[in-house]
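First the structure, in the form of structure tokens, and then the observations on it.
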Amino acid sequence: MAPGLLLVLALWVGCSPCRGREVPTQPRVRCRASRYPVAVDCFWTLPPAPRSATPTSFIATYRLGVAAHGESLPCLQQTPEATSCTIPDVHMFSMVPYVLNVTAVRPWGSSSSFVPFVPEQLIKPDPPEGVRLSVLPGQRLWVQWEPPRSWPFPELFSLKYWIRYKHHGSPRFRQVGPIETTSFTFRAVRPQARYCIQVAAQDLTDYGESSDWSLPAAPSTPLGK
């Protein structure tokens, strides 16, 4: 066999996946704008590397626009091994999308994921906070809450809210909304009943999606007759 052919075969065997090394997999990336317009936060997962004592590091960058020659900036990570990063100072209502590039670096190779996105489409506030109930005369129940603390400018970027409720023992929730204030009064509620009430928030102009439901709140005492 010719020496050149032997060399080619040796190189192929040395690089073959049959030696047990994992073929690099791409990070699975998701982004969310729960702090719009201050930042977009991105997270990713990657299957663990067996038989590797070296932790995987990541390089995260972003650019505005899909053109490859656009200027790339670092997506801020706490450490190179962190599986999240932050894009600060979002360009609002940009006519071109952002592109996030997350590269996983392992001893045997690297793999990248490219994620284009428009920040407004990623808006998902955190759940409202401080949901509390007050019993009022006349079989009324007053619900109050605050915008999530992570939502930076509620006076400028208003939220609207939905309420879901049920009395204990009921199999399903009913829903009220949207509501543009941070309180609501239920009327003609059942005497001596206990209610489970949760609140969700969404951008007032319908960008993105609504938050998860808040922690449930219930009155400290049953409603009086």
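Quick note on naming: the chains in the structure tokens go A, B, ... in the order shown, residues restart at 1 in each chain, and ligands are numbered from 1 in order of appearance.
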Using 6 Å as the limit and counting only C-alpha atoms, can you tabulate each residue of range 137-166 of chain A that touches range 201-216 of chain A, with its shortest atom-to-atom distance in Å and the two atoms involved, as CSV?
```
residue,atom,partner,partner_atom,distance
A:Ser158,CA,A:Leu204,CA,5.5
A:Leu159,CA,A:Leu204,CA,4.7
A:Lys160,CA,A:Leu204,CA,5.1
A:Tyr161,CA,A:Ala201,CA,4.5
```
Shell of 10 Å around range 29-34 of chain A, only C-alpha atoms, local chain residues under 4 positions omitted, as a PyMOL selection string: chain A and resi 38-46+83-87+90+100-102+113-115+117+119-127+148+150-152+208+211
Those in chain A with alpha helix (DSSP H) from DSSP, as a VMD selection string: chain A and resid 3 to 15
Backbone-only DSSP, strand (DSSP E or B) members of range 64-159 of chain A, as a count of residues only: 44
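Distance annotation: of A:Thr181, A:Thr61, A:Thr25, A:Ser134, the residue with the minimal separation from Leu73 in chain A is A:Thr61; atom set is only C-alpha atoms.
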